[in-house]
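Q: To be precise about what I am sending: the file is called query_3.pdb and holds PDB, C-alpha atoms.
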ATOM      1  CA  MET O  13      83.911 -40.267  42.268  1.00  0.00           C
ATOM      2  CA  ILE O  14      85.757 -38.433  39.548  1.00  0.00           C
ATOM      3  CA  LEU O  15      86.553 -34.796  40.131  1.00  0.00           C
ATOM      4  CA  ASN O  16      85.487 -32.362  37.438  1.00  0.00           C
ATOM      5  CA  THR O  17      88.525 -30.205  36.776  1.00  0.00           C
ATOM      6  CA  ASP O  18      86.549 -28.172  34.221  1.00  0.00           C
ATOM      7  CA  SER O  19      83.914 -27.223  36.790  1.00  0.00           C
ATOM      8  CA  MET O  20      83.597 -23.727  38.188  1.00  0.00           C
ATOM      9  CA  LYS O  21      83.442 -25.433  41.587  1.00  0.00           C
ATOM     10  CA  PRO O  22      86.889 -25.660  43.230  1.00  0.00           C
ATOM     11  CA  ILE O  23      88.361 -29.148  43.629  1.00  0.00           C
ATOM     12  CA  TYR O  24      88.512 -28.857  47.425  1.00  0.00           C
ATOM     13  CA  VAL O  25      84.760 -28.116  47.489  1.00  0.00           C
ATOM     14  CA  GLN O  26      84.107 -31.166  45.297  1.00  0.00           C
ATOM     15  CA  ILE O  27      86.129 -33.280  47.750  1.00  0.00           C
ATOM     16  CA  ALA O  28      84.156 -31.881  50.709  1.00  0.00           C
ATOM     17  CA  GLU O  29      80.861 -32.586  48.919  1.00  0.00           C
ATOM     18  CA  TRP O  30      81.974 -36.150  48.122  1.00  0.00           C
ATOM     19  CA  LEU O  31      82.787 -36.709  51.797  1.00  0.00           C
ATOM     20  CA  GLU O  32      79.366 -35.292  52.710  1.00  0.00           C
ATOM     21  CA  LEU O  33      77.767 -37.832  50.346  1.00  0.00           C
ATOM     22  CA  GLU O  34      79.772 -40.615  51.967  1.00  0.00           C
ATOM     23  CA  ILE O  35      78.382 -39.511  55.347  1.00  0.00           C
ATOM     24  CA  LEU O  36      74.816 -39.175  53.997  1.00  0.00           C
ATOM     25  CA  ASN O  37      75.021 -42.672  52.464  1.00  0.00           C
ATOM     26  CA  SER O  38      76.293 -44.010  55.818  1.00  0.00           C
ATOM     27  CA  ASN O  39      79.560 -45.174  54.260  1.00  0.00           C
ATOM     28  CA  ILE O  40      81.265 -43.162  57.005  1.00  0.00           C
ATOM     29  CA  LYS O  41      79.378 -43.059  60.303  1.00  0.00           C
ATOM     30  CA  GLU O  42      79.334 -40.710  63.289  1.00  0.00           C
ATOM     31  CA  ASP O  43      82.522 -40.776  65.375  1.00  0.00           C
ATOM     32  CA  GLU O  44      84.208 -42.849  62.668  1.00  0.00           C
ATOM     33  CA  ARG O  45      87.615 -41.812  61.365  1.00  0.00           C
ATOM     34  CA  ILE O  46      87.446 -40.032  58.007  1.00  0.00           C
ATOM     35  CA  TYR O  47      90.046 -40.240  55.230  1.00  0.00           C
ATOM     36  CA  SER O  48      93.279 -38.350  55.839  1.00  0.00           C
ATOM     37  CA  GLN O  49      94.430 -35.584  53.525  1.00  0.00           C
ATOM     38  CA  TYR O  50      97.054 -37.957  52.126  1.00  0.00           C
ATOM     39  CA  GLN O  51      94.529 -40.719  51.470  1.00  0.00           C
ATOM     40  CA  LEU O  52      92.241 -38.248  49.709  1.00  0.00           C
ATOM     41  CA  ALA O  53      95.148 -36.797  47.729  1.00  0.00           C
ATOM     42  CA  ASP O  54      96.054 -40.308  46.585  1.00  0.00           C
ATOM     43  CA  MET O  55      92.431 -41.254  45.801  1.00  0.00           C
ATOM     44  CA  PHE O  56      91.776 -38.155  43.693  1.00  0.00           C
ATOM     45  CA  THR O  57      95.321 -37.534  42.452  1.00  0.00           C
ATOM     46  CA  VAL O  58      95.458 -34.034  43.873  1.00  0.00           C
ATOM     47  CA  ASN O  59      97.871 -32.079  46.010  1.00  0.00           C
ATOM     48  CA  PRO O  60      97.560 -32.985  49.733  1.00  0.00           C
ATOM     49  CA  ALA O  61      97.047 -29.274  50.484  1.00  0.00           C
ATOM     50  CA  THR O  62      93.942 -29.296  48.258  1.00  0.00           C
ATOM     51  CA  ALA O  63      92.585 -32.355  50.067  1.00  0.00           C
ATOM     52  CA  ALA O  64      93.363 -30.717  53.427  1.00  0.00           C
ATOM     53  CA  LYS O  65      91.421 -27.638  52.366  1.00  0.00           C
ATOM     54  CA  GLY O  66      88.373 -29.852  51.685  1.00  0.00           C
ATOM     55  CA  LEU O  67      88.707 -31.482  55.105  1.00  0.00           C
ATOM     56  CA  ASN O  68      89.130 -28.109  56.791  1.00  0.00           C
ATOM     57  CA  LEU O  69      85.969 -26.875  55.084  1.00  0.00           C
ATOM     58  CA  LEU O  70      84.089 -29.704  56.795  1.00  0.00           C
ATOM     59  CA  ALA O  71      85.846 -29.012  60.097  1.00  0.00           C
ATOM     60  CA  ASP O  72      84.880 -25.329  59.888  1.00  0.00           C
ATOM     61  CA  GLU O  73      81.246 -26.424  59.505  1.00  0.00           C
ATOM     62  CA  ASN O  74      81.597 -28.858  62.451  1.00  0.00           C
ATOM     63  CA  ILE O  75      80.830 -31.831  60.206  1.00  0.00           C
ATOM     64  CA  VAL O  76      84.118 -33.404  61.260  1.00  0.00           C
ATOM     65  CA  TYR O  77      86.284 -32.832  64.301  1.00  0.00           C
ATOM     66  CA  LYS O  78      89.992 -33.301  64.955  1.00  0.00           C
ATOM     67  CA  ARG O  79      91.544 -35.609  67.528  1.00  0.00           C
ATOM     68  CA  ARG O  80      95.121 -34.628  68.094  1.00  0.00           C
ATOM     69  CA  GLY O  81      97.427 -37.310  66.774  1.00  0.00           C
ATOM     70  CA  LEU O  82      94.566 -39.511  65.570  1.00  0.00           C
ATOM     71  CA  GLY O  83      93.052 -37.638  62.627  1.00  0.00           C
ATOM     72  CA  MET O  84      89.591 -36.365  61.828  1.00  0.00           C
ATOM     73  CA  PHE O  85      86.311 -38.003  62.780  1.00  0.00           C
ATOM     74  CA  VAL O  86      82.682 -37.521  61.761  1.00  0.00           C
ATOM     75  CA  SER O  87      80.845 -35.347  64.261  1.00  0.00           C
ATOM     76  CA  PRO O  88      77.721 -36.530  66.038  1.00  0.00           C
ATOM     77  CA  ASN O  89      74.646 -35.325  64.117  1.00  0.00           C
ATOM     78  CA  ALA O  90      76.790 -34.600  61.031  1.00  0.00           C
ATOM     79  CA  LYS O  91      74.280 -36.362  58.790  1.00  0.00           C
ATOM     80  CA  GLN O  92      71.407 -34.197  60.027  1.00  0.00           C
ATOM     81  CA  PHE O  93      73.504 -31.048  59.701  1.00  0.00           C
ATOM     82  CA  ILE O  94      74.378 -31.918  56.083  1.00  0.00           C
ATOM     83  CA  LEU O  95      70.730 -32.645  55.263  1.00  0.00           C
ATOM     84  CA  THR O  96      69.633 -29.322  56.732  1.00  0.00           C
ATOM     85  CA  LYS O  97      72.413 -27.437  54.957  1.00  0.00           C
ATOM     86  CA  ARG O  98      71.679 -29.031  51.597  1.00  0.00           C
ATOM     87  CA  ARG O  99      67.945 -28.459  51.924  1.00  0.00           C
ATOM     88  CA  LYS O 100      68.586 -24.820  52.566  1.00  0.00           C
ATOM     89  CA  GLN O 101      71.243 -24.256  49.902  1.00  0.00           C
ATOM     90  CA  ILE O 102      70.200 -26.570  47.087  1.00  0.00           C
ATOM     91  CA  LEU O 103      66.435 -26.959  47.331  1.00  0.00           C
ATOM     92  CA  GLU O 104      65.773 -23.298  48.042  1.00  0.00           C
ATOM     93  CA  GLN O 105      67.815 -22.326  44.986  1.00  0.00           C
ATOM     94  CA  MET O 106      66.015 -24.875  42.819  1.00  0.00           C
ATOM     95  CA  ILE O 107      62.618 -23.689  44.054  1.00  0.00           C
ATOM     96  CA  LYS O 108      63.548 -20.072  43.419  1.00  0.00           C
ATOM     97  CA  GLU O 109      64.547 -20.904  39.834  1.00  0.00           C
ATOM     98  CA  LEU O 110      61.379 -22.990  39.363  1.00  0.00           C
ATOM     99  CA  VAL O 111      59.128 -20.163  40.554  1.00  0.00           C
ATOM    100  CA  ILE O 112      60.916 -17.626  38.336  1.00  0.00           C
ATOM    101  CA  GLU O 113      60.524 -19.910  35.302  1.00  0.00           C
ATOM    102  CA  ALA O 114      56.877 -20.641  36.149  1.00  0.00           C
ATOM    103  CA  ASN O 115      56.215 -16.887  36.255  1.00  0.00           C
ATOM    104  CA  ARG O 116      57.888 -16.458  32.856  1.00  0.00           C
ATOM    105  CA  LEU O 117      55.662 -19.201  31.446  1.00  0.00           C
ATOM    106  CA  ASP O 118      52.575 -17.717  33.089  1.00  0.00           C
ATOM    107  CA  VAL O 119      51.989 -20.824  35.218  1.00  0.00           C
ATOM    108  CA  SER O 120      49.798 -20.038  38.218  1.00  0.00           C
ATOM    109  CA  GLU O 121      50.774 -20.968  41.761  1.00  0.00           C
ATOM    110  CA  SER O 122      47.990 -23.553  41.955  1.00  0.00           C
ATOM    111  CA  GLU O 123      49.080 -25.115  38.618  1.00  0.00           C
ATOM    112  CA  LEU O 124      52.670 -25.298  39.837  1.00  0.00           C
ATOM    113  CA  ILE O 125      51.633 -26.919  43.120  1.00  0.00           C
ATOM    114  CA  MET O 126      49.503 -29.442  41.202  1.00  0.00           C
ATOM    115  CA  MET O 127      52.443 -30.252  38.902  1.00  0.00           C
ATOM    116  CA  ILE O 128      54.717 -30.836  41.910  1.00  0.00           C
ATOM    117  CA  HIS O 129      52.076 -32.969  43.607  1.00  0.00           C
ATOM    118  CA  ASN O 130      51.513 -35.062  40.450  1.00  0.00           C
ATOM    119  CA  PHE O 131      55.243 -35.506  39.977  1.00  0.00           C
ATOM    120  CA  GLY O 132      55.540 -36.754  43.557  1.00  0.00           C
ATOM    121  CA  GLN O 133      52.702 -39.249  42.964  1.00  0.00           C
ATOM    122  CA  ASP O 134      54.324 -40.529  39.748  1.00  0.00           C
ATOM    123  CA  ASP O 135      57.592 -40.967  41.626  1.00  0.00           C
ATOM    124  CA  LYS O 136      55.889 -42.980  44.403  1.00  0.00           C
ATOM    125  CA  GLU O 137      54.177 -45.235  41.855  1.00  0.00           C
ATOM    126  CA  GLU O 138      57.523 -45.974  40.157  1.00  0.00           C
ATOM    127  CA  GLU O 139      59.069 -46.904  43.522  1.00  0.00           C
ATOM    128  CA  GLN O 140      56.294 -49.460  44.122  1.00  0.00           C
ATOM    129  CA  LEU O 141      56.986 -51.233  40.805  1.00  0.00           C
TER
END
Have the structure of the file written as structure tokens, please.
A:
Amino acid sequence: MILNTDSMKPIYVQIAEWLELEILNSNIKEDERIYSQYQLADMFTVNPATAAKGLNLLADENIVYKRRGLGMFVSPNAKQFILTKRRKQILEQMIKELVIEANRLDVSESELIMMIHNFGQDDKEEEQL
């Protein structure tokens, strides 16, 4: 992953989100040791304090836990916690924006639901090909 230094999103948040993706993709599993702040700093060419802030963000959310003298490890059920968090934060925001735009365009609720349903069907057909 390449960090976007022009983004409004702080670098430490981007690092935390990248680690979350690594957990979601099962590249880092439950109770497995996660990258250290120095490894992350080296990987992303950032200050170790910035990398530590990203790790601490995950620790504050109980996605990772610390073992004194050993480092940080992925918490049990971290994957499910991340999925739940992202559903709530990302999908709810996207749905809110979709509904607002649909109202602006005078799209009825039933039309919007049909569009979503049809999109889901098209997506399933593409997966089968």
Q: Determine the residue set returned by the PyMOL selection byres ((chain O and resi 82) around 12) for the present structure, and present it as a PyMOL selection string.
A: chain O and resi 44-48+77-81+83-85
Q: Interatomic distance between CA of Thr57 (chain O) and CA of Ser19 (chain O)?
A: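 So the two atoms, CA of Thr57 (chain O) and CA of Ser19 (chain O), lie 16.4 Å apart.
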Q: Give me, please, the distance in Å between CA of Glu123 (chain O) and CA of Gln101 (chain O), quoted to one decimal.
A: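 Computing it gives 24.9 Å between the two atoms.
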Q: When distances are computed from all atoms listed in the file, which of O:Lys108, O:Lys91, O:Lys100, O:His129 shows the smallest separation from Asp43 (chain O)?
A: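 Of O:Lys108, O:Lys91, O:Lys100, O:His129, the one nearest Asp43 (chain O), counting all atoms listed in the file, is O:Lys91.
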Q: Tell me, in Å to one decimal, how far CA of Gln133 (chain O) is from CA of Asn37 (chain O).
A: 24.5 Å
Q: From the set O:Glu42, O:Tyr50, O:Leu124, O:Met55, which residue has the shortest atom-to-atom contact distance to Trp30 (chain O), counting all atoms listed in the file?
A: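 Result for the nearest residue to Trp30 (chain O): O:Met55.
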Q: Residues picked by the PyMOL selection byres ((chain O and resi 59-72) around 6) here, as number ranges by chain?
A: O: 24-25, 27-28, 49-50, 52-53, 58, 73-77
Q: Please determine, counting all atoms listed in the file, which residue among O:Ala114, O:Ile14, O:Met127, O:Leu31 has the shortest atom-to-atom distance to Phe56 (chain O).
A: O:Ile14
Q: Taking the file as shown, find all residues satisfying the PyMOL selection byres ((chain O and resi 36) around 9) and write them as a list in words.
A: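 On the file shown, the PyMOL selection byres ((chain O and resi 36) around 9) covers Leu31, Glu32, Leu33, Glu34, Ile35, Asn37, Ser38, Asn39, Ile40, Lys41, Ala90, Lys91, Gln92, Ile94 and Leu95 of chain O.
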Q: Can you tell me, as AutoDock Vina command-line options, the centre and edge lengths (Å, one decimal) of the axis-aligned box enclosing all of region 51-54 of chain O's listed atoms after padding each side by 4 Å?
A:
--center_x 94.1 --center_y -38.8 --center_z 49.0 --size_x 11.8 --size_y 11.9 --size_z 12.9
Q: Just checking: using all atoms listed in the file, which residue out of O:Asp54, O:Leu117, O:Val86, O:Arg98 ends up closest to Glu29 (chain O)?
A: O:Arg98
